[in-house]
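> This is the structure I want to talk about, given as structure tokens.
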Amino acid sequence: MPLQKLASVSAHTDRIWQCAPHPTLPLLATASGDKSSRIISLLTYNTLSTIDGGHKRSIRSVAWKPNTRGESVLASGSFDATAGIWRRYEDDSGAATGGEYNDEEDEEWRFAVVLDGHESEIKSVAWSAGGSFLATCSRDKSVWVWEELDDDNFETVAVMQEHTQDVKCVTWHPEEILLASASYDDTIRLYREDLDDWVCCTLLEGHESTVWCITFEPLTTPNYDAKRGARLASCSDDKTVRIWTRVGQSGVGAGQGAGAPPSILRGAPVEENWTCSAILPKAHDRSIYSISWSPRTGRIASCGGDGKIVIYEEDKTSAPGAMEVDGDAKAEQGSKAWKIVAELKGAHGVYEINNVAWSKRYDKDKRGEDDEIIVSVGDDGNVNIWAVE
Amino acid sequence: MSAILSAEALNDFIAPSVACIKPVESLPPPPPPSNDLTVAREDTLPAAQTAQTAAQISLTDCLACSGCVTSSEAVLVQLQSHTEVLNSLEQYPNRRFLAVVSPQTRAALAVALGMREKEAGNIVSRLLTTVGFEAVVDEGVFWGVEHWFASREVMEEASTDGPKKPILASSCPGFICYLESTHPELIPHLSALKSPQAIAGTFLKALLIGEGKAKSPEDVYVVGVMPCFDKKLEGARGELTSSAWRDESSEETPVRDIDCVITTRELLSLAEIKGINVRSLSREPVPTPQLSTDPTIQAFLSVATTNPQNTGTSGGNLSAILRSLLQQHPEATLQIQQGRNIDTVDYLLSSASGDVIAKFTRCYGFRNIQNLVRRLKPTRPKALPQFGKKPAAPAAGRRAVKRAGEARDERQVYVEVMACPGGCTNGGGQIKYDDEVLWKELGLEKWGSQRELLAKVDEAYFSSDEGEKGEEGEVRKVLDAWIRITGVAEEKLVKTTYRKVANDIGGRLGEKEVLEIASRTGGGW
């Protein structure tokens, strides 16, 4: 299954850390070491605008707020320890024209809010599924949750400091208010709101080195099992990609001893049990920096320091069901279900690839509404667009 | 912040050796024995000459630098601990050892030892006098002093429209350190009052000197037993030494007002080292020895005057100020507005006509402090950045860039800020719910959660005996007597100052330097 390069956009003169396809419009936002973000049309693969001037150092991460109406909202996280909220009015024509702006006034991105409070570089920003919460994480080892009370009025609702090292990535569950973070301390943590505070409800250990990126399984993948719930994928400096599955149901206090007396003080138990249910076939020779889980095909793409893009697919028939087997046997069976279906070396020449993302395909050559592309960004400052043949 | 500043967090990502600029100042070499110049090859140099003197970093150096939180922690843990207290007891048998014990410590111990708060207090006194302390004083008595001045400070400020408004409570050392290093522009808002612990230090040292029981501040060794690690940082502040209140002509080396601070947990470790089973100690009260010939002061130091029912978990400035305002304005009504979580509460004081005349806020925990600080900071003065493909022309409808959560309330006059969620009963130096070693030692199961344990500690705290209600104006009488005996001005007893501490938060270092540090410590991106 070869990858065909559809376009290569020379977007930045410095490295690109990350990119984010818009949830509904044919737009892609980038985060770059040149302190700017670019908005690229996924219809034409042209650069539409540059968002800059808001950050004093590299933009490390960008995220589109979901469920916005009449406007696009982009959050940016920077090494200058602040996050920014940017807004631009959108009308329906945006979808049709691929964001080519008719009116110069409308073209403008407004730098609406500065979120400061972190004491060191912000490494990742992520909006919750409904868009009501924004999570940020930083080299200061903390994970913050922000809530937009009303327009442009953000409050810090939680600061979690459980990680013992730099926090690399945050991501939200696709339907629950469940936040995950990955760290240089080799662990992944999950957080929930408990009474009026946020608490860490799970610690996932298994990776042997830095966990660079985590992402939940989209609800629309062919192998999604509602009984099992969305799984979590993680990739690491230990060159593995792991899949984690919740054992038991949410809120049924798997972590609480069965004999523990009920307590009104404790509230609903929030601890959860997650277990590593699969390790994907090894394909990378160096750190795996990023993974993306396709909402259309359920395939996972990974990329990393070795310049490779690898695509994995899960065979539904041989994948274990929600509760059938447990423990190591299950993990072994789970691992067997995943196969490498594509592998491309030197996708950015000699440069490291920092991020991959699946996106819906919008360009004129698309093969139907379900067609998709992979976007990769690297140290060469290029945005490469790939079709899976 | 206790969560950040705790001994458990010692292995930081930024290794102290990288960020700390202090070690380069090693001690000056001893003067050469003669002026003869000799040429020597490196390998023929005598070992003694090449050996570098180890760099000495004091906690004060770290506080002045703040390049890294962790190096100050390491020193902090080393220089102020229960073993340091025991060493001092042994080393200085002629000094007078006094302890100031916080009510939160007593409450935590009451839960740990399964007894009433008062009994726990008696056991602490018994333990400390057994190991060599002369007297143990309740920190609560100094809360009364703090309340007296806090009410006056707020009333004076409320009547003006000064830039100080709202006044931020200054008794939490975690918050002070955070503000000084991260938001120095807000320092003018800080209350000028010392914390009760710091007032206790000055009060006791000056008193014993005034009474002729000590010659210099060095002769008195005051130990604070606190629910909080950050109180150690407070104890080490250059502002809180004898130089602030001793006669300027004296040439003494400045001595700390509080020589050493230990936490509730460390108090138990101290007992363990001395081989004392705390539960076997008598629960009967230990009489306070005579510390002053003045009966008002002696009574003041001997009897707990705090009334936890009225004070909240963190010293009670806010409620004391409110009480005193309500006394002066009997027509006013008080309305309590619960905030978005249990650690943020607004108290609105309304006039007879129903207008809100003053707002008081309780703000505990880092997340709430973030929102407070953001509201108090001035709006960003900088111009709107450039956007778009081409230089953007000034367009209508542009606004200044907003800072998140910014909306300053002009009616707000006082905020009781504490770094720990839940306040001081939940301090970082208290016994942790999952301290397995300790709970096992105590013959108890560890707790299911910090919340459960805290609820018990709070219960013990709020169930403590009601202190003997001090007469109106008692504090005034005590202070007058103290000033008469010590000759030290009232200002010097209760007020202190703050200073901006430089750091690199927000990337003021160049990117190159930062990347250099990052690559050296293995973090990269």
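Chain identifiers are assigned as A, B, and so on, following the order in which chains appear in the structure tokens; residues are numbered from 1 within each chain, and ligands are numbered from 1 in order of appearance.
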Where in segment 67-294 of chain A does DSSP assign strand (DSSP E or B), given as an MDAnalysis selection string?
chainID A and resid 71:78 82:89 110:116 122:127 133:138 143:150 153:160 167:172 179:183 188:194 197:204 211:216 232:236 241:247 273:279 288:293
> Select all residues from chain A having any atom no more than 8 Å from an atom of chain B (counting only C-alpha atoms, ignoring ligands), output as a PyMOL selection string.
chain A and resi 48-54+57+79-82+105+107-121+123+152-159+161+164-166+184+196-197+265-266
> Write to file, as a PDB file, in the first residue's frame, the residues of the selection just made, with C-alpha atoms.

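part.pdb, freshly written:
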```
ATOM      1  CA  LEU A  48      -3.725  31.367   3.089  1.00  0.00           C
ATOM      2  CA  SER A  49      -2.468  33.381   6.010  1.00  0.00           C
ATOM      3  CA  THR A  50       0.157  33.722   8.667  1.00  0.00           C
ATOM      4  CA  ILE A  51      -0.652  34.141  12.302  1.00  0.00           C
ATOM      5  CA  ASP A  52       2.238  35.783  14.063  1.00  0.00           C
ATOM      6  CA  GLY A  53       3.185  38.499  16.501  1.00  0.00           C
ATOM      7  CA  GLY A  54       1.486  36.856  19.442  1.00  0.00           C
ATOM      8  CA  ARG A  57       9.189  32.097  21.093  1.00  0.00           C
ATOM      9  CA  PHE A  79       7.676  28.044  24.416  1.00  0.00           C
ATOM     10  CA  ASP A  80       7.163  31.563  25.808  1.00  0.00           C
ATOM     11  CA  ALA A  81       4.993  29.851  28.470  1.00  0.00           C
ATOM     12  CA  THR A  82       1.751  31.369  27.224  1.00  0.00           C
ATOM     13  CA  GLU A 105     -11.584  42.756   6.534  1.00  0.00           C
ATOM     14  CA  GLU A 107      -9.440  37.748   6.531  1.00  0.00           C
ATOM     15  CA  GLU A 108      -8.130  39.012   9.761  1.00  0.00           C
ATOM     16  CA  TRP A 109      -7.130  36.736  12.606  1.00  0.00           C
ATOM     17  CA  ARG A 110      -7.647  38.431  15.949  1.00  0.00           C
ATOM     18  CA  PHE A 111      -5.397  37.593  18.867  1.00  0.00           C
ATOM     19  CA  ALA A 112      -8.170  37.546  21.443  1.00  0.00           C
ATOM     20  CA  VAL A 113      -6.752  36.221  24.706  1.00  0.00           C
ATOM     21  CA  VAL A 114      -3.422  35.429  26.328  1.00  0.00           C
ATOM     22  CA  LEU A 115      -3.493  32.564  28.801  1.00  0.00           C
ATOM     23  CA  ASP A 116      -0.565  32.913  31.107  1.00  0.00           C
ATOM     24  CA  GLY A 117       0.331  31.081  34.258  1.00  0.00           C
ATOM     25  CA  HIS A 118       2.637  28.290  33.167  1.00  0.00           C
ATOM     26  CA  GLU A 119       6.154  28.765  34.392  1.00  0.00           C
ATOM     27  CA  SER A 120       7.896  27.194  31.451  1.00  0.00           C
ATOM     28  CA  GLU A 121       7.471  26.141  27.830  1.00  0.00           C
ATOM     29  CA  LYS A 123       4.291  21.675  24.922  1.00  0.00           C
ATOM     30  CA  ASP A 152     -12.828  35.492  25.912  1.00  0.00           C
ATOM     31  CA  ASN A 153     -13.087  35.105  29.680  1.00  0.00           C
ATOM     32  CA  PHE A 154     -11.016  32.078  30.620  1.00  0.00           C
ATOM     33  CA  GLU A 155     -10.513  30.750  34.127  1.00  0.00           C
ATOM     34  CA  THR A 156      -8.058  28.216  35.432  1.00  0.00           C
ATOM     35  CA  VAL A 157     -10.180  25.391  36.792  1.00  0.00           C
ATOM     36  CA  ALA A 158      -7.411  22.942  37.582  1.00  0.00           C
ATOM     37  CA  VAL A 159      -3.655  22.601  37.855  1.00  0.00           C
ATOM     38  CA  GLN A 161       1.115  18.422  39.131  1.00  0.00           C
ATOM     39  CA  THR A 164       7.502  14.283  37.791  1.00  0.00           C
ATOM     40  CA  GLN A 165       8.942  15.566  34.503  1.00  0.00           C
ATOM     41  CA  ASP A 166       8.209  17.657  31.432  1.00  0.00           C
ATOM     42  CA  TYR A 184       9.130  12.660  29.868  1.00  0.00           C
ATOM     43  CA  ASP A 196     -15.280  20.301  42.353  1.00  0.00           C
ATOM     44  CA  ASP A 197     -11.671  19.442  41.697  1.00  0.00           C
ATOM     45  CA  LEU A 265     -16.784  11.986  51.773  1.00  0.00           C
ATOM     46  CA  ARG A 266     -15.289  10.011  48.989  1.00  0.00           C
TER      47      ARG A 266
END
```
> Work out how far atom CA of Met226 of chain B is from atom CA of Leu240 of chain B, in Å to one decimal.
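These two atoms are separated by 16.8 Å.
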> Work out how far apart atom CA of Leu326 of chain B and atom CA of Glu416 of chain B are and give it in Å to one decimal.
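Taking atom CA of Leu326 of chain B as the start and atom CA of Glu416 of chain B as the end point, the length is 17.6 Å.
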> Write out as a PyMOL selection string the residues lying within 12 Å of Ser37 of chain A, counting only C-alpha atoms and excluding same-chain residues fewer than 3 positions away.
(chain A and resi 11-20+28-34+40+47-55+57-63+74-78+84+86+109+381) or (chain B and resi 387-389)
> Which polymer residues have any atom within 7 Å of an atom of segment 276-289 of chain B, counting only C-alpha atoms, with same-chain residues fewer than 5 positions away left out, as a ChimeraX atom specification?
/B:113,119,122-123,125-126,135,271,302
> Restricting the output to N, CA, C and O atoms, write the selected residues as a PDB file, in the first residue's frame.

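Result went into selection.pdb, see below:
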```
ATOM      1  N   LEU B 113      -2.991  10.589  66.433  1.00  0.00           N
ATOM      2  CA  LEU B 113      -2.790   9.908  67.705  1.00  0.00           C
ATOM      3  C   LEU B 113      -4.106   9.469  68.341  1.00  0.00           C
ATOM      4  O   LEU B 113      -4.117   8.874  69.422  1.00  0.00           O
ATOM      5  N   GLU B 119      -5.442  17.579  74.009  1.00  0.00           N
ATOM      6  CA  GLU B 119      -4.485  16.572  74.501  1.00  0.00           C
ATOM      7  C   GLU B 119      -3.285  16.483  73.578  1.00  0.00           C
ATOM      8  O   GLU B 119      -2.145  16.353  74.032  1.00  0.00           O
ATOM      9  N   ASN B 122      -1.026  19.198  74.436  1.00  0.00           N
ATOM     10  CA  ASN B 122      -0.279  18.931  75.664  1.00  0.00           C
ATOM     11  C   ASN B 122       0.863  17.955  75.417  1.00  0.00           C
ATOM     12  O   ASN B 122       1.956  18.095  75.977  1.00  0.00           O
ATOM     13  N   ILE B 123       0.593  16.985  74.556  1.00  0.00           N
ATOM     14  CA  ILE B 123       1.635  16.000  74.256  1.00  0.00           C
ATOM     15  C   ILE B 123       2.802  16.651  73.523  1.00  0.00           C
ATOM     16  O   ILE B 123       3.971  16.362  73.787  1.00  0.00           O
ATOM     17  N   SER B 125       3.729  19.766  73.815  1.00  0.00           N
ATOM     18  CA  SER B 125       4.471  20.535  74.827  1.00  0.00           C
ATOM     19  C   SER B 125       5.338  19.609  75.666  1.00  0.00           C
ATOM     20  O   SER B 125       6.502  19.903  75.949  1.00  0.00           O
ATOM     21  N   ARG B 126       4.774  18.476  76.032  1.00  0.00           N
ATOM     22  CA  ARG B 126       5.500  17.511  76.862  1.00  0.00           C
ATOM     23  C   ARG B 126       6.727  17.004  76.099  1.00  0.00           C
ATOM     24  O   ARG B 126       7.834  16.971  76.629  1.00  0.00           O
ATOM     25  N   ALA B 135      10.026  26.425  76.849  1.00  0.00           N
ATOM     26  CA  ALA B 135       8.587  26.720  76.820  1.00  0.00           C
ATOM     27  C   ALA B 135       8.032  26.469  75.434  1.00  0.00           C
ATOM     28  O   ALA B 135       8.726  26.574  74.437  1.00  0.00           O
ATOM     29  N   ALA B 271      10.537  12.846  67.561  1.00  0.00           N
ATOM     30  CA  ALA B 271      10.230  11.967  68.694  1.00  0.00           C
ATOM     31  C   ALA B 271      10.828  10.586  68.463  1.00  0.00           C
ATOM     32  O   ALA B 271      11.396   9.971  69.364  1.00  0.00           O
ATOM     33  N   SER B 302       0.379  32.280  77.945  1.00  0.00           N
ATOM     34  CA  SER B 302       0.037  31.004  78.575  1.00  0.00           C
ATOM     35  C   SER B 302      -1.292  30.455  78.106  1.00  0.00           C
ATOM     36  O   SER B 302      -1.537  29.255  78.202  1.00  0.00           O
TER      37      SER B 302
END
```
> As a VMD selection string, which residues of segment 177-414 of chain B does DSSP assign to helix (DSSP H, G or I)?
chain B and resid 177 to 182 184 to 189 196 to 210 217 to 219 230 to 235 242 to 244 264 to 273 278 to 280 295 to 302 308 to 310 317 to 328 366 to 376
> Excluding Val199 of chain A and residues on its chain fewer than 2 positions from it, collect all residues at most 12 Å away from it, counting only C-alpha atoms, and give them as a CSV table (one decimal) with all heavy atoms, in the first residue's frame.

```
chain,number,residue,atom,x,y,z
A,143,VAL,N,-0.2,20.2,34.3
A,143,VAL,CA,-1.2,20.1,33.3
A,143,VAL,C,-2.3,21.0,33.8
A,143,VAL,O,-2.8,20.9,34.9
A,143,VAL,CB,-1.8,18.7,33.1
A,143,VAL,CG1,-3.0,18.6,32.2
A,143,VAL,CG2,-0.7,17.7,32.7
A,144,TRP,N,-2.8,22.0,32.9
A,144,TRP,CA,-3.8,22.9,33.4
A,144,TRP,C,-5.1,22.7,32.5
A,144,TRP,O,-5.0,22.4,31.4
A,144,TRP,CB,-3.3,24.4,33.1
A,144,TRP,CG,-2.2,24.8,34.0
A,144,TRP,CD1,-1.1,24.1,34.3
A,144,TRP,CD2,-2.0,26.1,34.6
A,144,TRP,NE1,-0.2,24.8,35.1
A,144,TRP,CE2,-0.8,26.0,35.3
A,144,TRP,CE3,-2.8,27.3,34.7
A,144,TRP,CZ2,-0.3,27.1,36.0
A,144,TRP,CZ3,-2.3,28.3,35.4
A,144,TRP,CH2,-1.1,28.3,36.1
A,145,VAL,N,-6.2,23.0,33.2
A,145,VAL,CA,-7.5,23.0,32.5
A,145,VAL,C,-8.1,24.4,32.6
A,145,VAL,O,-8.1,24.9,33.7
A,145,VAL,CB,-8.5,21.9,33.1
A,145,VAL,CG1,-9.8,22.0,32.4
A,145,VAL,CG2,-7.9,20.5,33.0
A,157,VAL,N,-9.4,26.2,35.9
A,157,VAL,CA,-10.2,25.4,36.8
A,157,VAL,C,-9.4,24.3,37.4
A,157,VAL,O,-9.8,23.7,38.4
A,157,VAL,CB,-11.4,24.8,36.1
A,157,VAL,CG1,-12.4,25.9,35.7
A,157,VAL,CG2,-11.1,24.0,34.9
A,158,ALA,N,-8.2,24.0,36.9
A,158,ALA,CA,-7.4,22.9,37.6
A,158,ALA,C,-5.9,23.1,37.2
A,158,ALA,O,-5.6,23.5,36.1
A,158,ALA,CB,-7.9,21.6,37.2
A,159,VAL,N,-5.1,22.7,38.1
A,159,VAL,CA,-3.7,22.6,37.9
A,159,VAL,C,-3.2,21.3,38.4
A,159,VAL,O,-3.3,21.1,39.6
A,159,VAL,CB,-2.9,23.7,38.5
A,159,VAL,CG1,-1.4,23.6,38.3
A,159,VAL,CG2,-3.3,25.1,38.0
A,160,MET,N,-2.8,20.3,37.6
A,160,MET,CA,-2.4,19.0,38.0
A,160,MET,C,-0.9,18.9,38.0
A,160,MET,O,-0.3,19.2,37.0
A,160,MET,CB,-3.1,17.9,37.2
A,160,MET,CG,-4.5,17.6,37.6
A,160,MET,SD,-5.7,18.6,36.8
A,160,MET,CE,-5.7,18.0,35.1
A,161,GLN,N,-0.3,18.5,39.1
A,161,GLN,CA,1.1,18.4,39.1
A,161,GLN,C,1.6,17.0,39.5
A,161,GLN,O,2.7,16.9,40.1
A,161,GLN,CB,1.6,19.4,40.2
A,161,GLN,CG,1.0,20.8,40.0
A,161,GLN,CD,1.6,21.9,40.8
A,161,GLN,OE1,2.6,22.4,40.5
A,161,GLN,NE2,0.9,22.3,41.9
A,162,GLU,N,0.9,16.0,39.0
A,162,GLU,CA,1.3,14.7,39.3
A,162,GLU,C,2.6,14.2,38.6
A,162,GLU,O,3.4,13.4,39.1
A,162,GLU,CB,0.2,13.7,39.0
A,162,GLU,CG,-0.8,13.6,40.2
A,162,GLU,CD,-1.9,14.6,40.0
A,162,GLU,OE1,-1.8,15.4,39.1
A,162,GLU,OE2,-2.9,14.5,40.8
A,178,LEU,N,-12.7,13.5,30.0
A,178,LEU,CA,-11.6,12.7,30.5
A,178,LEU,C,-10.4,13.2,29.8
A,178,LEU,O,-10.3,13.2,28.5
A,178,LEU,CB,-11.9,11.2,30.2
A,178,LEU,CG,-10.7,10.2,30.6
A,178,LEU,CD1,-10.5,10.1,32.1
A,178,LEU,CD2,-11.1,8.8,30.0
A,179,LEU,N,-9.4,13.6,30.5
A,179,LEU,CA,-8.2,14.2,29.9
A,179,LEU,C,-7.0,13.2,30.1
A,179,LEU,O,-6.9,12.6,31.2
A,179,LEU,CB,-7.9,15.5,30.7
A,179,LEU,CG,-6.6,16.3,30.3
A,179,LEU,CD1,-6.6,16.7,28.9
A,179,LEU,CD2,-6.4,17.4,31.2
A,180,ALA,N,-6.1,13.2,29.1
A,180,ALA,CA,-4.9,12.3,29.2
A,180,ALA,C,-3.7,13.2,29.0
A,180,ALA,O,-3.7,14.1,28.2
A,180,ALA,CB,-5.0,11.2,28.2
A,189,ARG,N,-1.0,9.8,32.2
A,189,ARG,CA,-2.0,9.9,33.3
A,189,ARG,C,-3.3,10.4,32.7
A,189,ARG,O,-3.4,11.1,31.8
A,189,ARG,CB,-1.5,11.0,34.3
A,189,ARG,CG,-0.4,10.4,35.2
A,189,ARG,CD,0.1,11.5,36.2
A,189,ARG,NE,1.2,10.9,37.0
A,189,ARG,CZ,1.0,10.3,38.2
A,189,ARG,NH1,-0.2,10.1,38.6
A,189,ARG,NH2,2.0,9.8,38.9
A,190,LEU,N,-4.4,9.9,33.4
A,190,LEU,CA,-5.8,10.3,33.0
A,190,LEU,C,-6.4,11.1,34.2
A,190,LEU,O,-6.1,10.8,35.3
A,190,LEU,CB,-6.6,9.1,32.7
A,190,LEU,CG,-6.1,8.1,31.6
A,190,LEU,CD1,-7.2,7.1,31.3
A,190,LEU,CD2,-5.8,8.9,30.3
A,191,TYR,N,-7.2,12.1,33.8
A,191,TYR,CA,-7.8,13.0,34.8
A,191,TYR,C,-9.3,13.1,34.6
A,191,TYR,O,-9.7,13.2,33.5
A,191,TYR,CB,-7.2,14.4,34.8
A,191,TYR,CG,-5.7,14.4,34.8
A,191,TYR,CD1,-5.0,14.3,33.5
A,191,TYR,CD2,-4.9,14.5,35.9
A,191,TYR,CE1,-3.6,14.3,33.5
A,191,TYR,CE2,-3.5,14.5,35.9
A,191,TYR,CZ,-2.9,14.4,34.6
A,191,TYR,OH,-1.5,14.5,34.6
A,192,ARG,N,-10.0,13.3,35.7
A,192,ARG,CA,-11.4,13.5,35.7
A,192,ARG,C,-11.8,14.6,36.7
A,192,ARG,O,-11.0,14.8,37.7
A,192,ARG,CB,-12.2,12.2,36.1
A,192,ARG,CG,-12.4,11.3,35.0
A,192,ARG,CD,-13.3,10.2,35.6
A,192,ARG,NE,-13.5,9.2,34.5
A,192,ARG,CZ,-14.3,9.4,33.5
A,192,ARG,NH1,-15.0,10.5,33.4
A,192,ARG,NH2,-14.3,8.5,32.5
A,193,GLU,N,-13.0,15.1,36.5
A,193,GLU,CA,-13.4,16.0,37.6
A,193,GLU,C,-14.1,15.2,38.7
A,193,GLU,O,-14.9,14.4,38.4
A,193,GLU,CB,-14.5,17.0,36.9
A,193,GLU,CG,-14.6,18.3,37.7
A,193,GLU,CD,-15.4,19.3,37.0
A,193,GLU,OE1,-16.0,19.0,35.9
A,193,GLU,OE2,-15.5,20.5,37.5
A,194,ASP,N,-13.7,15.5,39.9
A,194,ASP,CA,-14.2,14.8,41.1
A,194,ASP,C,-14.7,15.8,42.0
A,194,ASP,O,-14.0,16.6,42.5
A,194,ASP,CB,-13.1,13.9,41.7
A,194,ASP,CG,-13.6,13.2,42.9
A,194,ASP,OD1,-14.8,12.9,43.0
A,194,ASP,OD2,-12.7,13.0,43.8
A,195,LEU,N,-16.0,15.8,42.3
A,195,LEU,CA,-16.7,16.9,43.0
A,195,LEU,C,-16.3,18.2,42.3
A,195,LEU,O,-16.5,18.3,41.2
A,195,LEU,CB,-16.3,16.8,44.5
A,195,LEU,CG,-16.8,15.6,45.2
A,195,LEU,CD1,-16.5,15.7,46.7
A,195,LEU,CD2,-18.2,15.3,45.0
A,196,ASP,N,-15.6,19.1,43.1
A,196,ASP,CA,-15.3,20.3,42.4
A,196,ASP,C,-13.8,20.4,42.0
A,196,ASP,O,-13.3,21.5,41.7
A,196,ASP,CB,-15.8,21.5,43.1
A,196,ASP,CG,-14.9,21.8,44.4
A,196,ASP,OD1,-14.1,20.9,44.7
A,196,ASP,OD2,-15.1,22.8,45.0
A,197,ASP,N,-13.1,19.3,42.1
A,197,ASP,CA,-11.7,19.4,41.7
A,197,ASP,C,-11.3,18.4,40.7
A,197,ASP,O,-12.1,17.4,40.5
A,197,ASP,CB,-10.8,19.3,42.9
A,197,ASP,CG,-9.4,19.9,42.7
A,197,ASP,OD1,-9.2,20.4,41.6
A,197,ASP,OD2,-8.7,19.9,43.7
A,201,CYS,N,-7.0,10.0,37.7
A,201,CYS,CA,-7.7,8.8,38.0
A,201,CYS,C,-7.0,7.5,37.5
A,201,CYS,O,-7.4,6.4,37.9
A,201,CYS,CB,-9.1,8.8,37.5
A,201,CYS,SG,-9.2,9.1,35.7
A,202,THR,N,-6.0,7.7,36.7
A,202,THR,CA,-5.2,6.5,36.3
A,202,THR,C,-3.8,6.9,36.0
A,202,THR,O,-3.5,7.9,35.4
A,202,THR,CB,-5.8,5.9,35.0
A,202,THR,OG1,-7.2,5.8,35.1
A,202,THR,CG2,-5.2,4.5,34.7
A,203,LEU,N,-2.9,6.0,36.3
A,203,LEU,CA,-1.5,6.1,35.9
A,203,LEU,C,-1.2,4.9,35.0
A,203,LEU,O,-1.4,3.8,35.4
A,203,LEU,CB,-0.6,6.1,37.1
A,203,LEU,CG,0.9,5.9,36.9
A,203,LEU,CD1,1.4,7.2,36.2
A,203,LEU,CD2,1.6,5.7,38.2
A,269,PRO,N,-16.5,7.1,43.3
A,269,PRO,CA,-15.1,6.8,43.1
A,269,PRO,C,-14.7,7.1,41.6
A,269,PRO,O,-15.5,6.9,40.7
A,269,PRO,CB,-15.0,5.3,43.4
A,269,PRO,CG,-16.4,4.8,43.4
A,269,PRO,CD,-17.3,6.0,43.6
A,270,VAL,N,-13.5,7.7,41.5
A,270,VAL,CA,-13.2,8.1,40.1
A,270,VAL,C,-12.0,7.3,39.5
A,270,VAL,O,-11.7,7.4,38.4
A,270,VAL,CB,-12.7,9.6,40.1
A,270,VAL,CG1,-13.9,10.5,40.4
A,270,VAL,CG2,-11.6,9.8,41.1
A,271,GLU,N,-11.4,6.4,40.4
A,271,GLU,CA,-10.3,5.7,39.8
A,271,GLU,C,-10.7,4.7,38.7
A,271,GLU,O,-11.8,4.2,38.8
A,271,GLU,CB,-9.6,4.9,41.0
A,271,GLU,CG,-8.8,5.8,41.8
A,271,GLU,CD,-8.0,5.1,42.9
A,271,GLU,OE1,-7.6,3.9,42.7
A,271,GLU,OE2,-7.9,5.6,44.0
A,272,GLU,N,-9.9,4.6,37.7
A,272,GLU,CA,-10.2,3.7,36.6
A,272,GLU,C,-9.0,2.7,36.4
A,272,GLU,O,-7.9,3.1,36.8
A,272,GLU,CB,-10.4,4.5,35.3
A,272,GLU,CG,-11.6,5.4,35.4
A,272,GLU,CD,-11.8,6.1,34.1
A,272,GLU,OE1,-11.1,5.7,33.1
A,272,GLU,OE2,-12.7,6.9,34.0
B,449,SER,N,-8.0,8.5,51.1
B,449,SER,CA,-7.7,9.7,50.2
B,449,SER,C,-7.4,10.8,51.2
B,449,SER,O,-7.7,10.8,52.3
B,449,SER,CB,-8.9,10.1,49.4
B,449,SER,OG,-10.0,10.6,50.2
B,450,GLN,N,-6.7,11.8,50.6
B,450,GLN,CA,-6.3,13.0,51.3
B,450,GLN,C,-7.6,13.7,51.8
B,450,GLN,O,-7.7,14.3,52.9
B,450,GLN,CB,-5.5,13.9,50.5
B,450,GLN,CG,-5.0,15.2,51.2
B,450,GLN,CD,-4.0,14.9,52.3
B,450,GLN,OE1,-3.3,13.8,52.3
B,450,GLN,NE2,-3.8,15.8,53.2
B,451,ARG,N,-8.7,13.7,51.0
B,451,ARG,CA,-9.9,14.3,51.4
B,451,ARG,C,-10.5,13.8,52.6
B,451,ARG,O,-10.9,14.5,53.5
B,451,ARG,CB,-10.9,14.2,50.2
B,451,ARG,CG,-12.1,15.0,50.3
B,451,ARG,CD,-13.1,14.8,49.2
B,451,ARG,NE,-12.6,15.4,48.0
B,451,ARG,CZ,-13.0,15.0,46.8
B,451,ARG,NH1,-13.9,14.1,46.6
B,451,ARG,NH2,-12.5,15.6,45.7
```
> Quick one: of A:Cys303, A:Leu25, A:Leu43, A:Ala135, who's nearest to Ala7 of chain A, counting only C-alpha atoms?
A:Leu43
> Could you check which of B:Leu98, B:Phe203, B:Lys359, B:Thr130 is closest to Ile297 of chain B, using only C-alpha atoms?
B:Phe203
> Please identify all polymer residues within 12 Å of Pro21 of chain A, counting only C-alpha atoms, omitting same-chain residues fewer than 4 positions from it, and present them as a ChimeraX atom specification.
/A:25-31,38-42,62-66,74,292,355-362,372-376,383,385
